[in-house]
file entry_28.cif (mmCIF, C-alpha atoms and all ligand atoms)
data_query
loop_
_atom_site.label_atom_id
_atom_site.label_comp_id
_atom_site.auth_asym_id
_atom_site.auth_seq_id
_atom_site.Cartn_x
_atom_site.Cartn_y
_atom_site.Cartn_z
CA MET T 1312 65.85 9.93 -3.57
CA ASN T 1313 63.62 10.13 -0.55
CA ILE T 1314 63.85 7.01 1.58
CA ASP T 1315 62.44 6.80 5.11
CA PHE T 1316 65.29 4.88 6.74
CA GLN T 1317 63.56 4.87 10.13
CA GLU T 1318 60.39 3.32 8.77
CA LEU T 1319 62.45 0.60 7.06
CA ALA T 1320 64.41 0.00 10.28
CA ASP T 1321 61.14 -0.45 12.20
CA LYS T 1322 59.88 -2.87 9.57
CA TYR T 1323 63.02 -4.90 8.79
CA GLN T 1324 65.38 -4.27 11.75
CA THR T 1325 69.00 -3.18 11.34
CA PRO T 1326 71.52 -3.42 9.83
CA TYR T 1327 70.17 -3.49 6.29
CA TYR T 1328 70.99 -2.48 2.74
CA VAL T 1329 68.47 -0.54 0.71
CA TYR T 1330 68.71 0.03 -3.06
CA ASP T 1331 66.78 2.53 -5.14
CA PHE T 1332 65.90 0.61 -8.31
CA ASP T 1333 64.66 3.72 -10.13
CA TYR T 1334 68.14 5.17 -9.77
CA ILE T 1335 69.57 2.05 -11.45
CA THR T 1336 67.14 2.52 -14.35
CA LYS T 1337 68.23 6.13 -14.69
CA GLN T 1338 71.92 5.20 -14.80
CA PHE T 1339 71.31 2.39 -17.28
CA ASN T 1340 69.31 4.62 -19.62
CA GLU T 1341 71.89 7.39 -19.43
CA LEU T 1342 74.60 5.03 -20.68
CA LYS T 1343 72.43 3.29 -23.27
CA GLU T 1344 71.37 6.70 -24.60
CA ALA T 1345 75.00 7.87 -24.85
CA PHE T 1346 75.79 4.95 -27.21
CA LYS T 1347 72.59 5.17 -29.22
CA ALA T 1348 74.41 6.06 -32.46
CA ARG T 1349 75.81 2.51 -32.54
CA LYS T 1350 74.94 -1.09 -31.86
CA SER T 1351 75.79 -1.50 -28.21
CA LEU T 1352 75.49 -3.97 -25.38
CA ILE T 1353 75.64 -2.89 -21.75
CA ALA T 1354 76.78 -5.94 -19.82
CA TYR T 1355 76.37 -5.23 -16.13
CA ALA T 1356 79.31 -6.51 -14.05
CA LEU T 1357 77.55 -8.79 -11.59
CA LYS T 1358 80.33 -8.83 -9.04
CA ALA T 1359 79.37 -5.28 -7.99
CA ASN T 1360 76.03 -6.54 -6.66
CA SER T 1361 74.57 -9.85 -7.75
CA ASN T 1362 71.29 -9.87 -5.82
CA LEU T 1363 68.81 -11.74 -8.02
CA SER T 1364 66.06 -9.10 -7.83
CA LEU T 1365 68.55 -6.37 -8.66
CA ILE T 1366 69.88 -8.18 -11.72
CA LYS T 1367 66.35 -9.09 -12.76
CA HIS T 1368 65.57 -5.39 -12.68
CA LEU T 1369 68.54 -4.75 -14.98
CA ALA T 1370 67.55 -7.66 -17.22
CA LYS T 1371 64.19 -5.97 -17.76
CA GLN T 1372 65.98 -2.85 -19.00
CA GLY T 1373 67.79 -5.01 -21.58
CA SER T 1374 71.08 -5.40 -19.76
CA GLY T 1375 73.57 -8.16 -20.47
CA ALA T 1376 75.94 -9.58 -17.88
CA ASP T 1377 79.69 -9.57 -17.35
CA CYS T 1378 80.47 -12.53 -15.10
CA VAL T 1379 83.63 -13.63 -13.32
CA SER T 1380 82.51 -17.11 -12.24
CA ILE T 1381 80.13 -19.74 -13.55
CA GLY T 1382 78.02 -18.97 -10.48
CA GLU T 1383 77.50 -15.44 -11.77
CA VAL T 1384 76.68 -16.82 -15.24
CA LYS T 1385 74.00 -19.00 -13.63
CA ARG T 1386 72.62 -16.05 -11.69
CA ALA T 1387 72.33 -14.05 -14.92
CA LEU T 1388 70.55 -16.90 -16.73
CA LYS T 1389 68.24 -17.45 -13.76
CA VAL T 1390 66.79 -13.95 -14.02
CA GLY T 1391 66.31 -14.14 -17.77
CA ILE T 1392 69.42 -12.50 -19.16
CA PRO T 1393 69.80 -14.32 -22.48
CA ALA T 1394 72.98 -16.37 -23.05
CA TYR T 1395 73.83 -14.23 -26.09
CA LYS T 1396 74.28 -11.24 -23.76
CA ILE T 1397 76.56 -12.99 -21.26
CA ILE T 1398 80.35 -12.59 -21.13
CA PHE T 1399 82.65 -14.64 -18.93
CA SER T 1400 85.86 -12.92 -17.70
CA GLY T 1401 88.51 -13.67 -15.09
CA VAL T 1402 92.18 -14.71 -14.88
CA GLY T 1403 91.64 -18.14 -13.35
CA LYS T 1404 88.72 -20.03 -14.86
CA ILE T 1405 88.65 -23.71 -13.90
CA ASP T 1406 87.95 -26.52 -16.40
CA LEU T 1407 84.45 -27.13 -15.12
CA GLU T 1408 83.56 -23.44 -15.53
CA ILE T 1409 84.89 -23.41 -19.10
CA LYS T 1410 83.01 -26.59 -19.94
CA GLN T 1411 79.73 -25.22 -18.55
CA ALA T 1412 80.22 -21.86 -20.28
CA LEU T 1413 80.59 -23.76 -23.58
CA GLU T 1414 77.51 -25.86 -22.94
CA LEU T 1415 75.48 -22.77 -22.03
CA ASN T 1416 76.57 -21.17 -25.32
CA ILE T 1417 77.23 -17.68 -23.91
CA LEU T 1418 78.22 -14.71 -26.09
CA MET T 1419 81.97 -14.96 -25.50
CA ILE T 1420 84.74 -15.86 -23.09
CA ASN T 1421 87.24 -13.14 -22.25
CA VAL T 1422 90.58 -14.93 -22.31
CA GLU T 1423 93.40 -13.64 -20.12
CA SER T 1424 96.43 -15.80 -21.03
CA GLU T 1425 97.87 -18.09 -23.73
CA ALA T 1426 97.74 -21.02 -21.34
CA GLU T 1427 94.04 -20.41 -20.76
CA LEU T 1428 93.41 -20.21 -24.52
CA GLU T 1429 94.99 -23.66 -24.89
CA ARG T 1430 92.82 -25.13 -22.14
CA ILE T 1431 89.72 -23.64 -23.74
CA GLU T 1432 90.70 -25.01 -27.14
CA SER T 1433 91.20 -28.52 -25.84
CA ILE T 1434 87.94 -28.44 -23.87
CA ALA T 1435 86.08 -27.12 -26.94
CA LYS T 1436 87.61 -29.90 -29.06
CA SER T 1437 86.57 -32.59 -26.63
CA LEU T 1438 83.00 -31.25 -26.64
CA ASN T 1439 83.06 -30.80 -30.40
CA LYS T 1440 82.13 -27.12 -30.07
CA ILE T 1441 83.30 -23.83 -31.51
CA VAL T 1442 83.84 -21.22 -28.82
CA ARG T 1443 83.59 -17.47 -29.29
CA ILE T 1444 86.71 -15.81 -27.92
CA SER T 1445 87.54 -12.31 -26.84
CA ILE T 1446 91.07 -11.43 -25.72
CA ARG T 1447 91.64 -9.19 -22.74
CA VAL T 1448 94.43 -6.81 -23.66
CA ASN T 1449 96.49 -5.15 -20.97
CA PRO T 1450 97.41 -1.80 -22.54
CA ASN T 1451 99.85 -0.87 -19.74
CA ILE T 1452 98.01 2.30 -18.72
CA ASP T 1453 98.02 3.81 -15.26
CA PRO T 1454 94.34 4.49 -14.57
CA LYS T 1455 95.17 6.83 -11.64
CA THR T 1456 92.96 5.04 -9.17
CA HIS T 1457 93.58 3.03 -5.98
CA PRO T 1458 96.32 0.40 -6.63
CA TYR T 1459 94.01 -2.42 -5.45
CA ILE T 1460 91.47 -1.55 -8.15
CA SER T 1461 93.97 -0.77 -10.91
CA THR T 1462 94.08 -3.60 -13.47
CA GLY T 1463 95.58 -2.22 -16.71
CA LEU T 1464 99.30 -2.10 -15.90
CA HIS T 1465 101.74 -4.86 -16.85
CA GLU T 1466 102.48 -5.26 -13.15
CA ASN T 1467 98.81 -6.28 -12.63
CA LYS T 1468 97.80 -9.88 -13.22
CA PHE T 1469 95.11 -9.05 -15.79
CA GLY T 1470 95.09 -9.58 -19.56
CA VAL T 1471 97.97 -10.00 -22.02
CA ASP T 1472 100.29 -7.52 -23.76
CA ILE T 1473 99.63 -6.47 -27.36
CA ASN T 1474 102.11 -8.88 -28.96
CA THR T 1475 100.81 -11.84 -27.04
CA ALA T 1476 97.27 -10.79 -27.97
CA LYS T 1477 98.21 -10.81 -31.68
CA ARG T 1478 99.67 -14.30 -31.37
CA MET T 1479 96.50 -15.47 -29.64
CA TYR T 1480 94.24 -14.02 -32.35
CA ILE T 1481 96.30 -15.81 -35.00
CA LYS T 1482 96.04 -19.03 -33.04
CA CYS T 1483 92.26 -18.59 -32.93
CA LYS T 1484 92.13 -17.95 -36.67
CA ASN T 1485 94.03 -21.16 -37.32
CA SER T 1486 91.97 -23.25 -34.93
CA LYS T 1487 88.82 -25.17 -35.81
CA SER T 1488 87.47 -24.78 -32.28
CA LEU T 1489 88.16 -21.09 -31.59
CA GLU T 1490 86.36 -18.17 -33.17
CA PRO T 1491 87.86 -14.75 -32.40
CA VAL T 1492 84.94 -12.33 -32.02
CA GLY T 1493 85.93 -9.77 -29.40
CA ILE T 1494 88.62 -7.47 -28.13
CA HIS T 1495 88.54 -6.37 -24.52
CA CYS T 1496 90.22 -4.20 -21.93
CA HIS T 1497 89.35 -3.11 -18.41
CA ILE T 1498 92.00 -0.86 -16.89
CA GLY T 1499 90.62 -0.30 -13.42
CA SER T 1500 87.72 0.80 -11.30
CA GLN T 1501 86.41 4.07 -9.88
CA LEU T 1502 87.98 6.01 -12.77
CA THR T 1503 87.38 9.75 -12.66
CA LYS T 1504 89.59 10.83 -15.58
CA LEU T 1505 88.86 10.21 -19.25
CA GLU T 1506 92.50 10.35 -20.47
CA PRO T 1507 93.64 6.87 -19.35
CA LEU T 1508 90.52 5.37 -20.94
CA THR T 1509 91.14 7.29 -24.17
CA GLU T 1510 94.72 6.01 -24.30
CA ALA T 1511 93.66 2.43 -23.68
CA ILE T 1512 90.87 2.50 -26.22
CA SER T 1513 93.07 4.05 -28.85
CA ILE T 1514 95.65 1.26 -28.34
CA LEU T 1515 92.89 -1.32 -28.74
CA ALA T 1516 91.47 0.40 -31.81
CA SER T 1517 94.81 0.26 -33.59
CA LEU T 1518 95.22 -3.41 -32.70
CA LEU T 1519 91.75 -3.96 -34.14
CA LYS T 1520 92.80 -2.33 -37.42
CA ASN T 1521 95.98 -4.44 -37.54
CA LEU T 1522 93.90 -7.56 -37.11
CA LYS T 1523 91.54 -6.45 -39.87
CA ALA T 1524 94.54 -6.12 -42.17
CA ILE T 1525 95.33 -9.80 -41.63
CA LYS T 1526 91.70 -10.79 -42.15
CA ILE T 1527 90.76 -11.28 -38.53
CA ASP T 1528 87.41 -9.55 -38.20
CA ILE T 1529 86.28 -8.67 -34.72
CA SER T 1530 82.60 -7.94 -34.05
CA PHE T 1531 82.65 -6.82 -30.40
CA PHE T 1532 84.72 -3.99 -28.99
CA ASP T 1533 84.52 -4.36 -25.23
CA VAL T 1534 85.65 -1.23 -23.39
CA GLY T 1535 85.29 -2.77 -19.92
CA GLY T 1536 83.80 -0.95 -16.95
CA GLY T 1537 85.42 1.39 -14.47
CA LEU T 1538 83.31 4.55 -14.56
CA GLY T 1539 83.59 6.21 -11.15
CA ILE T 1540 80.82 7.36 -8.83
CA ILE T 1541 80.42 9.85 -5.99
CA TYR T 1542 81.81 8.78 -2.63
CA ASP T 1543 83.11 12.18 -1.58
CA ASN T 1544 83.45 15.18 -3.89
CA GLU T 1545 84.74 13.49 -7.07
CA THR T 1546 84.22 15.09 -10.47
CA LEU T 1547 82.92 12.31 -12.66
CA ILE T 1548 83.55 11.32 -16.24
CA ASP T 1549 80.76 12.70 -18.38
CA THR T 1550 79.00 9.75 -20.03
CA GLN T 1551 78.37 11.72 -23.23
CA GLU T 1552 82.06 12.59 -23.54
CA TYR T 1553 82.98 9.00 -22.72
CA ALA T 1554 80.72 7.63 -25.43
CA GLN T 1555 81.78 10.26 -27.98
CA MET T 1556 85.43 9.42 -27.36
CA ILE T 1557 84.77 5.73 -28.03
CA LEU T 1558 82.67 6.44 -31.13
CA LYS T 1559 85.44 8.67 -32.47
CA GLU T 1560 88.10 5.98 -31.97
CA LEU T 1561 85.90 3.48 -33.78
CA PHE T 1562 84.93 5.78 -36.63
CA GLY T 1563 84.32 3.89 -39.86
CA LEU T 1564 84.44 0.46 -38.22
CA ASP T 1565 81.36 -1.75 -38.19
CA ILE T 1566 81.48 -3.08 -34.68
CA THR T 1567 79.24 -3.52 -31.63
CA ILE T 1568 80.36 -1.61 -28.55
CA VAL T 1569 80.24 -3.57 -25.33
CA CYS T 1570 80.49 -1.78 -22.02
CA GLU T 1571 80.72 -3.55 -18.64
CA PRO T 1572 79.81 -1.10 -15.89
CA GLY T 1573 79.34 -2.31 -12.33
CA ARG T 1574 79.82 0.47 -9.84
CA PHE T 1575 78.40 3.14 -12.19
CA LEU T 1576 75.02 1.41 -12.42
CA VAL T 1577 74.50 0.49 -8.79
CA GLY T 1578 77.04 2.19 -6.48
CA ASN T 1579 75.08 5.31 -5.66
CA CYS T 1580 71.70 3.55 -5.55
CA GLY T 1581 72.54 1.89 -2.25
CA PHE T 1582 72.69 2.76 1.44
CA PHE T 1583 73.84 0.70 4.37
CA ILE T 1584 71.80 1.49 7.47
CA THR T 1585 73.06 0.59 10.90
CA LYS T 1586 72.13 1.78 14.38
CA VAL T 1587 74.12 3.16 17.27
CA LEU T 1588 74.73 0.74 20.12
CA TYR T 1589 77.00 2.77 22.37
CA GLU T 1590 79.35 5.67 22.55
CA LYS T 1591 82.61 5.45 24.47
CA THR T 1592 85.68 7.57 25.03
CA ASN T 1593 89.17 6.11 25.47
CA GLU T 1594 91.35 8.89 26.92
CA SER T 1595 90.26 11.64 24.55
CA LYS T 1596 89.23 9.48 21.59
CA ARG T 1597 85.50 9.24 20.91
CA PHE T 1598 84.08 6.03 19.39
CA VAL T 1599 80.58 5.55 18.06
CA ILE T 1600 79.86 1.81 18.04
CA VAL T 1601 77.16 0.57 15.66
CA ASP T 1602 75.51 -2.80 14.99
CA GLY T 1603 76.94 -3.09 11.44
CA ALA T 1604 80.54 -4.17 10.92
CA MET T 1605 83.34 -4.90 8.46
CA ASN T 1606 81.81 -8.29 7.66
CA ASP T 1607 78.78 -6.39 6.28
CA LEU T 1608 80.68 -3.65 4.45
CA LEU T 1609 84.39 -4.30 3.93
CA ARG T 1610 85.55 -1.45 1.71
CA PRO T 1611 86.90 0.88 4.44
CA ALA T 1612 88.88 -2.01 5.99
CA LEU T 1613 90.02 -3.42 2.63
CA TYR T 1614 90.92 -0.26 0.67
CA ASN T 1615 90.69 2.43 3.30
CA ALA T 1616 87.77 3.53 1.11
CA HIS T 1617 85.85 6.65 1.98
CA HIS T 1618 82.07 6.44 2.35
CA LYS T 1619 79.98 9.43 3.30
CA VAL T 1620 78.36 8.87 6.69
CA GLU T 1621 75.36 10.58 8.24
CA LEU T 1622 74.02 10.27 11.77
CA LEU T 1623 70.26 10.68 11.52
CA ASN T 1624 69.38 12.81 14.51
CA ASP T 1625 69.00 16.54 15.11
CA ASN T 1626 71.67 16.96 17.78
CA LYS T 1627 73.82 20.05 17.36
CA ASP T 1628 76.88 19.17 19.47
CA ILE T 1629 79.26 17.87 16.84
CA SER T 1630 82.69 16.38 17.58
CA ASP T 1631 85.38 14.13 16.09
CA CYS T 1632 84.97 10.38 16.36
CA ASN T 1633 85.65 7.00 14.78
CA LEU T 1634 82.63 5.07 13.58
CA VAL T 1635 83.28 1.41 14.38
CA GLY T 1636 81.58 -2.00 14.45
CA PRO T 1637 81.53 -4.71 17.13
CA ILE T 1638 84.06 -7.10 15.47
CA CYS T 1639 87.29 -8.03 17.25
CA GLU T 1640 89.59 -6.30 14.73
CA SER T 1641 91.05 -2.81 14.74
CA GLY T 1642 90.30 -2.77 11.00
CA ASP T 1643 86.60 -2.88 11.85
CA PHE T 1644 85.72 0.73 11.11
CA PHE T 1645 83.48 2.62 8.68
CA ALA T 1646 85.10 6.03 9.07
CA LYS T 1647 87.91 7.56 11.09
CA ASP T 1648 88.23 11.10 12.43
CA ILE T 1649 84.88 12.27 11.15
CA LYS T 1650 82.58 14.82 12.72
CA LEU T 1651 79.30 13.44 14.02
CA PRO T 1652 76.71 14.79 16.46
CA SER T 1653 76.33 13.15 19.85
CA SER T 1654 74.17 10.06 19.61
CA GLN T 1655 71.83 7.91 21.64
CA HIS T 1656 71.20 4.17 21.60
CA ASN T 1657 69.18 3.24 18.46
CA ASP T 1658 69.94 6.39 16.47
CA LEU T 1659 70.38 5.44 12.82
CA VAL T 1660 73.53 5.92 10.78
CA ALA T 1661 73.38 5.98 6.96
CA ILE T 1662 76.42 4.96 4.95
CA TYR T 1663 76.25 6.25 1.36
CA GLY T 1664 77.52 4.76 -1.89
CA ALA T 1665 76.82 1.25 -0.64
CA GLY T 1666 75.25 -0.31 -3.74
CA ALA T 1667 78.46 -1.74 -5.28
CA TYR T 1668 81.10 -4.06 -3.81
CA CYS T 1669 79.47 -3.93 -0.39
CA PHE T 1670 76.92 -6.70 0.16
CA THR T 1671 78.76 -8.95 -2.33
CA MET T 1672 81.91 -8.78 -0.21
CA SER T 1673 80.10 -9.55 3.04
CA SER T 1674 80.94 -12.59 5.14
CA ASN T 1675 79.87 -14.40 8.29
CA TYR T 1676 82.99 -13.45 10.27
CA ASN T 1677 82.32 -13.57 14.02
CA THR T 1678 79.25 -15.75 13.27
CA ARG T 1679 77.32 -12.71 12.14
CA PRO T 1680 74.37 -13.44 9.84
CA ARG T 1681 74.40 -11.52 6.57
CA VAL T 1682 71.96 -8.61 6.70
CA ALA T 1683 68.67 -8.00 4.88
CA GLU T 1684 68.52 -6.33 1.47
CA ILE T 1685 65.58 -4.13 0.51
CA ALA T 1686 64.55 -2.60 -2.82
CA ILE T 1687 62.65 0.63 -3.31
CA GLU T 1688 60.81 0.97 -6.59
CA ALA T 1689 58.23 3.64 -7.43
CA GLY T 1690 58.14 4.62 -3.76
CA LYS T 1691 57.40 1.09 -2.51
CA ASP T 1692 59.76 -1.06 -0.46
CA ARG T 1693 60.17 -4.83 -0.62
CA LEU T 1694 62.52 -7.40 0.82
CA ILE T 1695 64.91 -8.87 -1.77
CA ARG T 1696 67.08 -10.95 0.55
CA GLN T 1697 66.07 -11.99 4.00
CA ARG T 1698 68.39 -11.64 6.95
CA GLU T 1699 70.28 -14.88 7.60
CA THR T 1700 69.60 -16.80 10.77
CA PHE T 1701 71.92 -18.70 13.07
CA GLU T 1702 70.48 -21.91 11.61
CA ASP T 1703 71.47 -20.80 8.09
CA LEU T 1704 75.03 -20.25 9.27
CA ILE T 1705 75.52 -23.69 10.75
CA ALA T 1706 73.50 -25.68 8.21
CA LEU T 1707 76.52 -27.02 6.28
CA GLU T 1708 78.45 -28.00 9.43
CA GLU T 1709 75.79 -29.41 11.70
CA LYS T 1710 75.42 -32.74 9.92
CA PHE T 1711 79.07 -33.60 10.59
CA LEU T 1712 78.82 -33.38 14.37
C1 LIG T 1801 85.06 -5.62 -12.15
C2 LIG T 1801 84.98 -5.62 -13.62
C3 LIG T 1801 84.13 -4.72 -14.27
C4 LIG T 1801 83.30 -3.69 -13.55
O1 LIG T 1801 84.07 -2.70 -12.95
P1 LIG T 1801 83.37 -1.38 -12.36
O2 LIG T 1801 84.52 -0.56 -11.93
O3 LIG T 1801 82.50 -1.79 -11.25
O4 LIG T 1801 82.61 -0.73 -13.47
C5 LIG T 1801 84.05 -4.79 -15.65
N1 LIG T 1801 84.79 -5.69 -16.35
C6 LIG T 1801 85.63 -6.56 -15.75
C7 LIG T 1801 86.39 -7.52 -16.57
C8 LIG T 1801 85.77 -6.54 -14.36
O5 LIG T 1801 86.60 -7.40 -13.78
#
call {"tool": "encode", "arguments": {"input": "entry_28.cif", "output": "structure tokens", "more": "lines below"}}
Ligand SMILES: *Cc1c(COP(=O)(O)O)cnc(C)c1O
result
Amino acid sequence: MNIDFQELADKYQTPYYVYDFDYITKQFNELKEAFKARKSLIAYALKANSNLSLIKHLAKQGSGADCVSIGEVKRALKVGIPAYKIIFSGVGKIDLEIKQALELNILMINVESEAELERIESIAKSLNKIVRISIRVNPNIDPKTHPYISTGLHENKFGVDINTAKRMYIKCKNSKSLEPVGIHCHIGSQLTKLEPLTEAISILASLLKNLKAIKIDISFFDVGGGLGIIYDNETLIDTQEYAQMILKELFGLDITIVCEPGRFLVGNCGFFITKVLYEKTNESKRFVIVDGAMNDLLRPALYNAHHKVELLNDNKDISDCNLVGPICESGDFFAKDIKLPSSQHNDLVAIYGAGAYCFTMSSNYNTRPRVAEIAIEAGKDRLIRQRETFEDLIALEEKFL
């Protein structure tokens, strides 16, 4: 990856996000290749980064979409991801979303509670439709990741326990409006160990066999997402080993494997580029203040997440500092107690691992326009989202004055 951040800053101003689309292709192909022994569907989790050009790029590779709102479903359809590759997940779908998902005839809805299954059944009945259902099972596994991104423990709000899942499958079997087609789990994000995934998948595989015994035949085995990426010095799950483990658990079963990676496909393709405004020292504490802020990239403030940071100058006098934004919150930082060289006004700072859960979590806090997004493909850059203007920010309020 060889991106001239300075050239892009001169052309598009700062702060900005830049994504290397060829890297996304490489990640996608690596995963697709690992599952090549089987029918498989890679359904990209849009919430990681739902920029239309980025998902269009994935659509061209053959990707499906894992969506957590009807808005994400519409984004996926807009860029040409076919309905039969779209999955709708989430613990709190509203009636209108369910109705639209049924009308759009997507591949399946991942159901997360008995109450939701009942809502879906009654909506399907009223529309005279049969809806393809997948049940999200919570296998009660500790994924050994940050508690905010752990989702597979009973104490988390996601999915249903095994016994509830069985009841729900039987309800589907006995219903004229529900067709059970999938089984699903997603135990957490930024996973760096295979063991918790192996445990979860083995629990699901035995449930699948139990269901087969009572003549409930499932066609899609959805292993969720969660594969970790490099933020620091993580050792990652090997995709070959990951795929082999899944294939082994499913040996002898005729089933399509569905995988829903978000972070893995796009996390390391992205950089957030911001520039130094000032340096200041309070007592002995050094602060480097940049033009980007927590509203642009929330993960350090939200999860205390670590992102590698680089100050792009050749200065040799390195010292400890906090890298902070201009927002009126002490949580507005990108990194604390890191070593950076001395800096001048307009020096660029690159924040790594900024392709996933960064732009999508951005807001207009402090009346700050959302930043520009740029794609690099085959060495060429192009704008894929223009920087917001003040007028954009007030457009929905102005008319009420
Ligand atoms: C968020 C999410 C994913 C993607 O998670 P990553 O850790 O980014 O791979 C996949 N499936 C579901 C249901 C999710 O909620």
call {"tool": "atom_distance", "arguments": {"input": "entry_28.cif", "atom1": "atom C5 of ligand LIG 1801 (chain T)", "atom2": "atom CA of His1497 of chain T"}}
result
6.2 Å
call {"tool": "residues_around", "arguments": {"input": "entry_28.cif", "residues": "Thr1336 of chain T", "least_positions_apart": "2", "cutoff": "10 Å", "atoms": "all atoms listed in the file", "output": "list in words"}}
result
Asp1331, Phe1332, Asp1333, Tyr1334, Gln1338, Phe1339, Asn1340, Glu1341, His1368, Leu1369, Lys1371, Gln1372, Leu1576, Val1577 and Cys1580 of chain T
call {"tool": "atom_distance", "arguments": {"input": "entry_28.cif", "atom1": "atom CA of Ala1661 of chain T", "atom2": "atom CA of Gly1536 of chain T"}}
result
27.0 Å
call {"tool": "closest_residue", "arguments": {"input": "entry_28.cif", "among": "T:Phe1644, T:Phe1575, T:Tyr1327, T:Tyr1676", "to": "ligand LIG 1801 (chain T)", "atoms": "all atoms listed in the file"}}
result
T:Phe1575
call {"tool": "closest_atom_pairs", "arguments": {"input": "entry_28.cif", "of": "chain T", "to": "ligand LIG 1801 (chain T)", "cutoff": "10 Å", "atoms": "only C-alpha atoms and all ligand atoms", "output": "tab-separated table"}}
result
residue	atom	partner	partner_atom	distance
T:Ala1354	CA	T:LIG1801	C5	8.5
T:Tyr1355	CA	T:LIG1801	C4	7.6
T:Ala1356	CA	T:LIG1801	C4	4.9
T:Leu1357	CA	T:LIG1801	C4	7.9
T:Lys1358	CA	T:LIG1801	C1	6.5
T:Ala1359	CA	T:LIG1801	O3	5.7
T:Asn1360	CA	T:LIG1801	O3	9.2
T:Ala1376	CA	T:LIG1801	C5	9.7
T:Asp1377	CA	T:LIG1801	N1	6.5
T:Cys1378	CA	T:LIG1801	C7	7.9
T:Val1379	CA	T:LIG1801	O5	6.9
T:Ile1398	CA	T:LIG1801	C7	9.1
T:Phe1399	CA	T:LIG1801	C7	8.4
T:Ser1400	CA	T:LIG1801	C7	5.5
T:Gly1401	CA	T:LIG1801	C7	6.7
T:Val1402	CA	T:LIG1801	O5	9.3
T:Asn1421	CA	T:LIG1801	C7	8.0
T:Glu1423	CA	T:LIG1801	C7	10.0
T:Arg1447	CA	T:LIG1801	C7	8.3
T:Ile1460	CA	T:LIG1801	O2	8.0
T:Ser1461	CA	T:LIG1801	O2	9.5
T:Thr1462	CA	T:LIG1801	O5	8.4
T:Phe1469	CA	T:LIG1801	C7	8.9
T:Gly1470	CA	T:LIG1801	C7	9.4
T:His1495	CA	T:LIG1801	C7	8.3
T:Cys1496	CA	T:LIG1801	C7	7.4
T:His1497	CA	T:LIG1801	C7	5.6
T:Ile1498	CA	T:LIG1801	C6	8.6
T:Gly1499	CA	T:LIG1801	O2	6.3
T:Ser1500	CA	T:LIG1801	O2	3.5
T:Gln1501	CA	T:LIG1801	O2	5.4
T:Leu1502	CA	T:LIG1801	O2	7.5
T:Asp1533	CA	T:LIG1801	N1	9.0
T:Val1534	CA	T:LIG1801	N1	8.4
T:Gly1535	CA	T:LIG1801	N1	4.6
T:Gly1536	CA	T:LIG1801	O4	3.7
T:Gly1537	CA	T:LIG1801	O2	3.3
T:Leu1538	CA	T:LIG1801	O4	5.4
T:Gly1539	CA	T:LIG1801	O2	6.9
T:Ile1540	CA	T:LIG1801	O2	9.3
T:Cys1570	CA	T:LIG1801	C5	7.9
T:Glu1571	CA	T:LIG1801	C5	4.6
T:Pro1572	CA	T:LIG1801	O4	3.7
T:Gly1573	CA	T:LIG1801	O3	3.4
T:Arg1574	CA	T:LIG1801	O3	3.8
T:Phe1575	CA	T:LIG1801	O4	5.9
T:Leu1576	CA	T:LIG1801	O4	8.0
T:Val1577	CA	T:LIG1801	O3	8.7
T:Gly1578	CA	T:LIG1801	O3	8.3
T:Ala1667	CA	T:LIG1801	O3	7.2
T:Tyr1668	CA	T:LIG1801	O3	7.9
call {"tool": "residues_around", "arguments": {"input": "entry_28.cif", "residues": "Leu1363 of chain T", "least_positions_apart": "4", "cutoff": "9 Å", "atoms": "only C-alpha atoms", "output": "list of chain:residue names"}}
result
T:Lys1367, T:His1368, T:Arg1386, T:Ala1387, T:Lys1389, T:Val1390, T:Ile1695, T:Arg1696
call {"tool": "atom_distance", "arguments": {"input": "entry_28.cif", "atom1": "atom CA of Asp1628 of chain T", "atom2": "atom CA of Val1660 of chain T"}}
result
16.2 Å
call {"tool": "residues_around", "arguments": {"input": "entry_28.cif", "residues": "segment 1607-1622 of chain T", "least_positions_apart": "2", "cutoff": "8 Å", "atoms": "all atoms listed in the file", "output": "number ranges by chain"}}
result
T: 1457, 1459, 1542-1543, 1603-1605, 1624, 1642-1646, 1651-1652, 1654, 1658-1665, 1668-1670, 1672-1674, 1681-1682
call {"tool": "residues_around", "arguments": {"input": "entry_28.cif", "residues": "Ile1705 of chain T", "least_positions_apart": "5", "cutoff": "10 Å", "atoms": "all atoms listed in the file", "output": "PyMOL selection string"}}
result
chain T and resi 1678+1700+1710
call {"tool": "residues_around", "arguments": {"input": "entry_28.cif", "residues": "segment 1437-1445 of chain T", "least_positions_apart": "6", "cutoff": "7 Å", "atoms": "all atoms listed in the file", "output": "short mmCIF file (atom, residue, chain, number, x, y, z; two decimals) with C-alpha atoms, keeping the file's coordinate frame"}}
result
data_model
loop_
_atom_site.label_atom_id
_atom_site.label_comp_id
_atom_site.auth_asym_id
_atom_site.auth_seq_id
_atom_site.Cartn_x
_atom_site.Cartn_y
_atom_site.Cartn_z
CA LEU T 1413 80.59 -23.76 -23.58
CA LEU T 1418 78.22 -14.71 -26.09
CA MET T 1419 81.97 -14.96 -25.50
CA ILE T 1420 84.74 -15.86 -23.09
CA ASN T 1421 87.24 -13.14 -22.25
CA VAL T 1422 90.58 -14.93 -22.31
CA SER T 1488 87.47 -24.78 -32.28
CA LEU T 1489 88.16 -21.09 -31.59
CA GLU T 1490 86.36 -18.17 -33.17
CA PRO T 1491 87.86 -14.75 -32.40
CA VAL T 1492 84.94 -12.33 -32.02
CA GLY T 1493 85.93 -9.77 -29.40
CA ILE T 1494 88.62 -7.47 -28.13
CA HIS T 1495 88.54 -6.37 -24.52
#
